[in-house]
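Note: the block below is entry.pdb and it holds PDB, N, CA and C atoms and all ligand atoms.
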ATOM      1  N   MET A   1       0.840  -1.205   0.000  1.00  0.00           N
ATOM      2  CA  MET A   1       0.000   0.000   0.000  1.00  0.00           C
ATOM      3  C   MET A   1       0.877   1.258   0.000  1.00  0.00           C
ATOM      4  N   SER A   2       0.748   2.066  -1.014  1.00  0.00           N
ATOM      5  CA  SER A   2       1.508   3.314  -1.095  1.00  0.00           C
ATOM      6  C   SER A   2       0.655   4.468  -0.601  1.00  0.00           C
ATOM      7  N   SER A   3       1.274   5.402   0.109  1.00  0.00           N
ATOM      8  CA  SER A   3       0.512   6.535   0.617  1.00  0.00           C
ATOM      9  C   SER A   3       0.200   7.548  -0.491  1.00  0.00           C
ATOM     10  N   ALA A   4       0.840   7.393  -1.682  1.00  0.00           N
ATOM     11  CA  ALA A   4       0.610   8.340  -2.775  1.00  0.00           C
ATOM     12  C   ALA A   4      -0.679   8.030  -3.540  1.00  0.00           C
ATOM     13  N   ALA A   5      -1.152   6.776  -3.448  1.00  0.00           N
ATOM     14  CA  ALA A   5      -2.307   6.356  -4.247  1.00  0.00           C
ATOM     15  C   ALA A   5      -3.553   7.218  -4.015  1.00  0.00           C
ATOM     16  N   PRO A   6      -3.933   7.493  -2.768  1.00  0.00           N
ATOM     17  CA  PRO A   6      -5.141   8.315  -2.567  1.00  0.00           C
ATOM     18  C   PRO A   6      -5.003   9.710  -3.176  1.00  0.00           C
ATOM     19  N   ILE A   7      -3.810  10.284  -3.151  1.00  0.00           N
ATOM     20  CA  ILE A   7      -3.597  11.625  -3.710  1.00  0.00           C
ATOM     21  C   ILE A   7      -3.813  11.592  -5.225  1.00  0.00           C
ATOM     22  N   ARG A   8      -3.236  10.584  -5.896  1.00  0.00           N
ATOM     23  CA  ARG A   8      -3.414  10.476  -7.348  1.00  0.00           C
ATOM     24  C   ARG A   8      -4.897  10.328  -7.687  1.00  0.00           C
ATOM     25  N   THR A   9      -5.590   9.529  -6.909  1.00  0.00           N
ATOM     26  CA  THR A   9      -7.023   9.320  -7.148  1.00  0.00           C
ATOM     27  C   THR A   9      -7.779  10.644  -7.036  1.00  0.00           C
ATOM     28  N   THR A  10      -7.464  11.423  -6.027  1.00  0.00           N
ATOM     29  CA  THR A  10      -8.150  12.701  -5.822  1.00  0.00           C
ATOM     30  C   THR A  10      -7.919  13.626  -7.016  1.00  0.00           C
ATOM     31  N   ILE A  11      -6.685  13.684  -7.509  1.00  0.00           N
ATOM     32  CA  ILE A  11      -6.373  14.571  -8.631  1.00  0.00           C
ATOM     33  C   ILE A  11      -7.123  14.134  -9.883  1.00  0.00           C
ATOM     34  N   SER A  12      -7.122  12.831 -10.191  1.00  0.00           N
ATOM     35  CA  SER A  12      -7.774  12.402 -11.432  1.00  0.00           C
ATOM     36  C   SER A  12      -9.283  12.606 -11.350  1.00  0.00           C
ATOM     37  N   VAL A  13      -9.873  12.455 -10.176  1.00  0.00           N
ATOM     38  CA  VAL A  13     -11.307  12.726 -10.035  1.00  0.00           C
ATOM     39  C   VAL A  13     -11.575  14.206 -10.289  1.00  0.00           C
ATOM     40  N   ALA A  14     -10.727  15.086  -9.762  1.00  0.00           N
ATOM     41  CA  ALA A  14     -10.902  16.525  -9.969  1.00  0.00           C
ATOM     42  C   ALA A  14     -10.795  16.875 -11.451  1.00  0.00           C
ATOM     43  N   VAL A  15      -9.851  16.255 -12.156  1.00  0.00           N
ATOM     44  CA  VAL A  15      -9.673  16.525 -13.590  1.00  0.00           C
ATOM     45  C   VAL A  15     -10.886  16.042 -14.371  1.00  0.00           C
ATOM     46  N   LEU A  16     -11.377  14.846 -14.033  1.00  0.00           N
ATOM     47  CA  LEU A  16     -12.548  14.306 -14.726  1.00  0.00           C
ATOM     48  C   LEU A  16     -13.756  15.203 -14.512  1.00  0.00           C
ATOM     49  N   MET A  17     -13.940  15.697 -13.289  1.00  0.00           N
ATOM     50  CA  MET A  17     -15.078  16.562 -12.997  1.00  0.00           C
ATOM     51  C   MET A  17     -14.961  17.872 -13.770  1.00  0.00           C
ATOM     52  N   ALA A  18     -13.761  18.418 -13.868  1.00  0.00           N
ATOM     53  CA  ALA A  18     -13.555  19.655 -14.613  1.00  0.00           C
ATOM     54  C   ALA A  18     -13.887  19.441 -16.087  1.00  0.00           C
ATOM     55  N   ASP A  19     -13.422  18.310 -16.640  1.00  0.00           N
ATOM     56  CA  ASP A  19     -13.708  18.014 -18.043  1.00  0.00           C
ATOM     57  C   ASP A  19     -15.206  17.894 -18.288  1.00  0.00           C
ATOM     58  N   SER A  20     -15.899  17.185 -17.375  1.00  0.00           N
ATOM     59  CA  SER A  20     -17.310  16.975 -17.607  1.00  0.00           C
ATOM     60  C   SER A  20     -18.079  18.280 -17.410  1.00  0.00           C
ATOM     61  N   LEU A  21     -17.644  19.144 -16.498  1.00  0.00           N
ATOM     62  CA  LEU A  21     -18.294  20.446 -16.323  1.00  0.00           C
ATOM     63  C   LEU A  21     -18.101  21.292 -17.579  1.00  0.00           C
ATOM     64  N   TYR A  22     -16.889  21.299 -18.123  1.00  0.00           N
ATOM     65  CA  TYR A  22     -16.625  22.058 -19.344  1.00  0.00           C
ATOM     66  C   TYR A  22     -17.461  21.508 -20.507  1.00  0.00           C
ATOM     67  N   ASP A  23     -17.525  20.170 -20.604  1.00  0.00           N
ATOM     68  CA  ASP A  23     -18.329  19.554 -21.662  1.00  0.00           C
ATOM     69  C   ASP A  23     -19.796  19.961 -21.548  1.00  0.00           C
ATOM     70  N   ARG A  24     -20.308  19.923 -20.311  1.00  0.00           N
ATOM     71  CA  ARG A  24     -21.725  20.268 -20.118  1.00  0.00           C
ATOM     72  C   ARG A  24     -21.963  21.741 -20.418  1.00  0.00           C
ATOM     73  N   TYR A  25     -21.004  22.588 -20.050  1.00  0.00           N
ATOM     74  CA  TYR A  25     -21.090  24.020 -20.338  1.00  0.00           C
ATOM     75  C   TYR A  25     -21.117  24.248 -21.857  1.00  0.00           C
ATOM     76  N   MET A  26     -20.211  23.565 -22.584  1.00  0.00           N
ATOM     77  CA  MET A  26     -20.164  23.718 -24.041  1.00  0.00           C
ATOM     78  C   MET A  26     -21.440  23.194 -24.703  1.00  0.00           C
ATOM     79  N   LYS A  27     -21.951  22.059 -24.191  1.00  0.00           N
ATOM     80  CA  LYS A  27     -23.173  21.481 -24.763  1.00  0.00           C
ATOM     81  C   LYS A  27     -24.364  22.386 -24.512  1.00  0.00           C
ATOM     82  N   ALA A  28     -24.454  22.951 -23.303  1.00  0.00           N
ATOM     83  CA  ALA A  28     -25.554  23.853 -22.970  1.00  0.00           C
ATOM     84  C   ALA A  28     -25.485  25.105 -23.832  1.00  0.00           C
ATOM     85  N   SER A  29     -24.269  25.616 -24.043  1.00  0.00           N
ATOM     86  CA  SER A  29     -24.065  26.798 -24.874  1.00  0.00           C
ATOM     87  C   SER A  29     -24.496  26.521 -26.312  1.00  0.00           C
ATOM     88  N   ALA A  30     -24.091  25.378 -26.841  1.00  0.00           N
ATOM     89  CA  ALA A  30     -24.441  25.008 -28.218  1.00  0.00           C
ATOM     90  C   ALA A  30     -25.948  24.792 -28.345  1.00  0.00           C
ATOM     91  N   ALA A  31     -26.540  24.092 -27.366  1.00  0.00           N
ATOM     92  CA  ALA A  31     -27.982  23.809 -27.415  1.00  0.00           C
ATOM     93  C   ALA A  31     -28.772  25.114 -27.403  1.00  0.00           C
ATOM     94  N   TYR A  32     -28.349  26.053 -26.564  1.00  0.00           N
ATOM     95  CA  TYR A  32     -29.039  27.339 -26.481  1.00  0.00           C
ATOM     96  C   TYR A  32     -28.905  28.106 -27.798  1.00  0.00           C
ATOM     97  N   ARG A  33     -27.695  28.159 -28.347  1.00  0.00           N
ATOM     98  CA  ARG A  33     -27.489  28.912 -29.596  1.00  0.00           C
ATOM     99  C   ARG A  33     -28.272  28.291 -30.750  1.00  0.00           C
ATOM    100  N   VAL A  34     -28.277  26.942 -30.821  1.00  0.00           N
ATOM    101  CA  VAL A  34     -29.034  26.255 -31.870  1.00  0.00           C
ATOM    102  C   VAL A  34     -30.524  26.570 -31.730  1.00  0.00           C
ATOM    103  N   HIS A  35     -31.029  26.556 -30.483  1.00  0.00           N
ATOM    104  CA  HIS A  35     -32.443  26.833 -30.256  1.00  0.00           C
ATOM    105  C   HIS A  35     -32.795  28.255 -30.700  1.00  0.00           C
ATOM    106  N   VAL A  36     -32.004  29.237 -30.273  1.00  0.00           N
ATOM    107  CA  VAL A  36     -32.292  30.644 -30.583  1.00  0.00           C
ATOM    108  C   VAL A  36     -32.302  30.867 -32.097  1.00  0.00           C
ATOM    109  N   LYS A  37     -31.389  30.213 -32.790  1.00  0.00           N
ATOM    110  CA  LYS A  37     -31.307  30.347 -34.248  1.00  0.00           C
ATOM    111  C   LYS A  37     -32.568  29.811 -34.923  1.00  0.00           C
ATOM    112  N   ALA A  38     -33.085  28.692 -34.386  1.00  0.00           N
ATOM    113  CA  ALA A  38     -34.216  28.011 -35.020  1.00  0.00           C
ATOM    114  C   ALA A  38     -35.555  28.529 -34.539  1.00  0.00           C
ATOM    115  N   CYS A  39     -35.593  29.199 -33.376  1.00  0.00           N
ATOM    116  CA  CYS A  39     -36.856  29.560 -32.730  1.00  0.00           C
ATOM    117  C   CYS A  39     -37.291  30.955 -33.147  1.00  0.00           C
ATOM    118  N   SER A  40     -38.542  31.076 -33.608  1.00  0.00           N
ATOM    119  CA  SER A  40     -39.058  32.373 -34.045  1.00  0.00           C
ATOM    120  C   SER A  40     -39.495  33.217 -32.863  1.00  0.00           C
ATOM    121  N   ARG A  41     -39.685  32.595 -31.692  1.00  0.00           N
ATOM    122  CA  ARG A  41     -40.171  33.334 -30.517  1.00  0.00           C
ATOM    123  C   ARG A  41     -39.037  33.856 -29.651  1.00  0.00           C
ATOM    124  N   CYS A  42     -37.823  33.418 -29.900  1.00  0.00           N
ATOM    125  CA  CYS A  42     -36.685  33.871 -29.109  1.00  0.00           C
ATOM    126  C   CYS A  42     -35.917  34.952 -29.860  1.00  0.00           C
ATOM    127  N   SER A  43     -35.741  36.124 -29.208  1.00  0.00           N
ATOM    128  CA  SER A  43     -34.795  37.120 -29.715  1.00  0.00           C
ATOM    129  C   SER A  43     -34.083  37.740 -28.526  1.00  0.00           C
ATOM    130  N   PRO A  44     -33.112  37.007 -27.981  1.00  0.00           N
ATOM    131  CA  PRO A  44     -32.417  37.471 -26.774  1.00  0.00           C
ATOM    132  C   PRO A  44     -31.669  38.769 -27.021  1.00  0.00           C
ATOM    133  N   PRO A  45     -31.469  39.625 -25.999  1.00  0.00           N
ATOM    134  CA  PRO A  45     -31.915  39.379 -24.627  1.00  0.00           C
ATOM    135  C   PRO A  45     -33.331  39.869 -24.341  1.00  0.00           C
ATOM    136  N   VAL A  46     -34.061  40.288 -25.369  1.00  0.00           N
ATOM    137  CA  VAL A  46     -35.383  40.886 -25.159  1.00  0.00           C
ATOM    138  C   VAL A  46     -36.438  39.819 -24.886  1.00  0.00           C
ATOM    139  N   ALA A  47     -36.492  38.763 -25.697  1.00  0.00           N
ATOM    140  CA  ALA A  47     -37.558  37.778 -25.583  1.00  0.00           C
ATOM    141  C   ALA A  47     -37.005  36.365 -25.648  1.00  0.00           C
ATOM    142  N   ARG A  48     -37.578  35.515 -24.807  1.00  0.00           N
ATOM    143  CA  ARG A  48     -37.239  34.096 -24.847  1.00  0.00           C
ATOM    144  C   ARG A  48     -38.503  33.293 -24.580  1.00  0.00           C
ATOM    145  N   CYS A  49     -38.713  32.226 -25.340  1.00  0.00           N
ATOM    146  CA  CYS A  49     -39.834  31.329 -25.046  1.00  0.00           C
ATOM    147  C   CYS A  49     -39.476  30.468 -23.844  1.00  0.00           C
ATOM    148  N   THR A  50     -40.421  29.637 -23.395  1.00  0.00           N
ATOM    149  CA  THR A  50     -40.186  28.818 -22.200  1.00  0.00           C
ATOM    150  C   THR A  50     -38.965  27.921 -22.386  1.00  0.00           C
ATOM    151  N   ALA A  51     -38.896  27.237 -23.510  1.00  0.00           N
ATOM    152  CA  ALA A  51     -37.755  26.351 -23.761  1.00  0.00           C
ATOM    153  C   ALA A  51     -36.462  27.147 -23.846  1.00  0.00           C
ATOM    154  N   GLY A  52     -36.531  28.313 -24.490  1.00  0.00           N
ATOM    155  CA  GLY A  52     -35.351  29.162 -24.602  1.00  0.00           C
ATOM    156  C   GLY A  52     -34.870  29.645 -23.244  1.00  0.00           C
ATOM    157  N   ARG A  53     -35.834  29.997 -22.361  1.00  0.00           N
ATOM    158  CA  ARG A  53     -35.467  30.429 -21.006  1.00  0.00           C
ATOM    159  C   ARG A  53     -34.790  29.298 -20.246  1.00  0.00           C
ATOM    160  N   GLU A  54     -35.332  28.075 -20.368  1.00  0.00           N
ATOM    161  CA  GLU A  54     -34.747  26.933 -19.667  1.00  0.00           C
ATOM    162  C   GLU A  54     -33.336  26.648 -20.178  1.00  0.00           C
ATOM    163  N   LEU A  55     -33.174  26.690 -21.490  1.00  0.00           N
ATOM    164  CA  LEU A  55     -31.840  26.448 -22.069  1.00  0.00           C
ATOM    165  C   LEU A  55     -30.867  27.533 -21.629  1.00  0.00           C
ATOM    166  N   HIS A  56     -31.345  28.779 -21.606  1.00  0.00           N
ATOM    167  CA  HIS A  56     -30.485  29.886 -21.194  1.00  0.00           C
ATOM    168  C   HIS A  56     -30.099  29.762 -19.728  1.00  0.00           C
ATOM    169  N   THR A  57     -31.072  29.371 -18.872  1.00  0.00           N
ATOM    170  CA  THR A  57     -30.787  29.222 -17.439  1.00  0.00           C
ATOM    171  C   THR A  57     -29.721  28.162 -17.206  1.00  0.00           C
ATOM    172  N   SER A  58     -29.843  27.008 -17.873  1.00  0.00           N
ATOM    173  CA  SER A  58     -28.843  25.972 -17.615  1.00  0.00           C
ATOM    174  C   SER A  58     -27.492  26.370 -18.201  1.00  0.00           C
ATOM    175  N   PHE A  59     -27.491  27.079 -19.327  1.00  0.00           N
ATOM    176  CA  PHE A  59     -26.233  27.572 -19.897  1.00  0.00           C
ATOM    177  C   PHE A  59     -25.541  28.546 -18.931  1.00  0.00           C
ATOM    178  N   VAL A  60     -26.319  29.492 -18.383  1.00  0.00           N
ATOM    179  CA  VAL A  60     -25.738  30.491 -17.467  1.00  0.00           C
ATOM    180  C   VAL A  60     -25.219  29.826 -16.190  1.00  0.00           C
ATOM    181  N   ARG A  61     -25.994  28.858 -15.666  1.00  0.00           N
ATOM    182  CA  ARG A  61     -25.563  28.157 -14.446  1.00  0.00           C
ATOM    183  C   ARG A  61     -24.260  27.416 -14.669  1.00  0.00           C
ATOM    184  N   LEU A  62     -24.164  26.709 -15.789  1.00  0.00           N
ATOM    185  CA  LEU A  62     -22.941  25.950 -16.070  1.00  0.00           C
ATOM    186  C   LEU A  62     -21.778  26.891 -16.337  1.00  0.00           C
ATOM    187  N   GLN A  63     -22.048  28.009 -17.018  1.00  0.00           N
ATOM    188  CA  GLN A  63     -20.995  28.993 -17.275  1.00  0.00           C
ATOM    189  C   GLN A  63     -20.481  29.573 -15.956  1.00  0.00           C
ATOM    190  N   ASP A  64     -21.404  29.925 -15.052  1.00  0.00           N
ATOM    191  CA  ASP A  64     -20.998  30.453 -13.741  1.00  0.00           C
ATOM    192  C   ASP A  64     -20.169  29.432 -12.984  1.00  0.00           C
ATOM    193  N   ALA A  65     -20.627  28.170 -12.972  1.00  0.00           N
ATOM    194  CA  ALA A  65     -19.903  27.119 -12.247  1.00  0.00           C
ATOM    195  C   ALA A  65     -18.520  26.919 -12.858  1.00  0.00           C
ATOM    196  N   TYR A  66     -18.454  26.944 -14.194  1.00  0.00           N
ATOM    197  CA  TYR A  66     -17.176  26.733 -14.867  1.00  0.00           C
ATOM    198  C   TYR A  66     -16.214  27.894 -14.595  1.00  0.00           C
ATOM    199  N   LEU A  67     -16.704  29.121 -14.708  1.00  0.00           N
ATOM    200  CA  LEU A  67     -15.845  30.291 -14.478  1.00  0.00           C
ATOM    201  C   LEU A  67     -15.419  30.372 -13.014  1.00  0.00           C
ATOM    202  N   ALA A  68     -16.326  30.003 -12.090  1.00  0.00           N
ATOM    203  CA  ALA A  68     -15.977  30.000 -10.662  1.00  0.00           C
ATOM    204  C   ALA A  68     -14.858  29.004 -10.406  1.00  0.00           C
ATOM    205  N   ARG A  69     -14.907  27.850 -11.083  1.00  0.00           N
ATOM    206  CA  ARG A  69     -13.865  26.845 -10.906  1.00  0.00           C
ATOM    207  C   ARG A  69     -12.538  27.360 -11.481  1.00  0.00           C
ATOM    208  N   LEU A  70     -12.579  28.048 -12.606  1.00  0.00           N
ATOM    209  CA  LEU A  70     -11.349  28.606 -13.195  1.00  0.00           C
ATOM    210  C   LEU A  70     -10.722  29.619 -12.248  1.00  0.00           C
ATOM    211  N   ARG A  71     -11.558  30.466 -11.618  1.00  0.00           N
ATOM    212  CA  ARG A  71     -11.029  31.491 -10.718  1.00  0.00           C
ATOM    213  C   ARG A  71     -10.401  30.880  -9.475  1.00  0.00           C
ATOM    214  N   ARG A  72     -10.958  29.718  -9.035  1.00  0.00           N
ATOM    215  CA  ARG A  72     -10.429  29.075  -7.822  1.00  0.00           C
ATOM    216  C   ARG A  72      -9.087  28.382  -8.095  1.00  0.00           C
ATOM    217  N   SER A  73      -8.844  27.944  -9.337  1.00  0.00           N
ATOM    218  CA  SER A  73      -7.655  27.136  -9.591  1.00  0.00           C
ATOM    219  C   SER A  73      -6.445  27.993  -9.966  1.00  0.00           C
TER
HETATM  220 ZN    ZN B   1     -37.342  29.746 -28.181  1.00  0.00          ZN
END
How does the structure come out when it is put into structure tokens?
Amino acid sequence: MSSAAPIRTTISVAVLMADSLYDRYMKASAAYRVHVKACSRCSPPVARCTAGRELHTSFVRLQDAYLARLRRS
């Protein structure tokens, strides 16, 4: 049993979480942009339909979480 093993595990979990957060942020951003382009009821920042608002909310939340993580590291 090496005492270094738990440390390596912690680092790789942190890296995986960062990657998946970035992926989710990029996917949310793309989904929102695709929706706005295709949707006749969305013209941000003035108007958003229900689906557009939901997509925008999850995009903003993931962006905030991602940027907060960048500032901490
Ligand atoms: Zn819309």
What do you get as JSON, numbers by chain if you pick all residues at most 8 Å from ligand ZN 1 (chain B), counting only C-alpha atoms and all ligand atoms?
{"A": [35, 36, 38, 39, 40, 41, 42, 43, 48, 49, 50, 51, 52, 53]}
For the structure provided, state which residues fall under the PyMOL selection byres (((chain A and resi 55-68 and name CA) around 8) and not hetatm and name CA), and present them as a PyMOL selection string.
chain A and resi 18+21-22+24-25+28-29+31-32+51-54+69-72
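Here atom C of A:Ala47 stands at a distance of 28.8 Å from atom CA of A:Ser20.
Between atom C of A:Arg33 and atom CA of A:Pro45 the interatomic distance comes to 13.2 Å.
Relative to atom CA of A:Asp23, atom C of A:Lys37 is found at 22.0 Å.
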Go ahead and fit an axis-aligned box to every listed atom of stretch 58-71 of chain A plus 4 Å each side, and pass me the centre and edge lengths in Å, one decimal, as JSON.
{"center_x": -20.1, "center_y": 28.7, "center_z": -14.7, "size_x": 27.4, "size_y": 13.5, "size_z": 18.4}
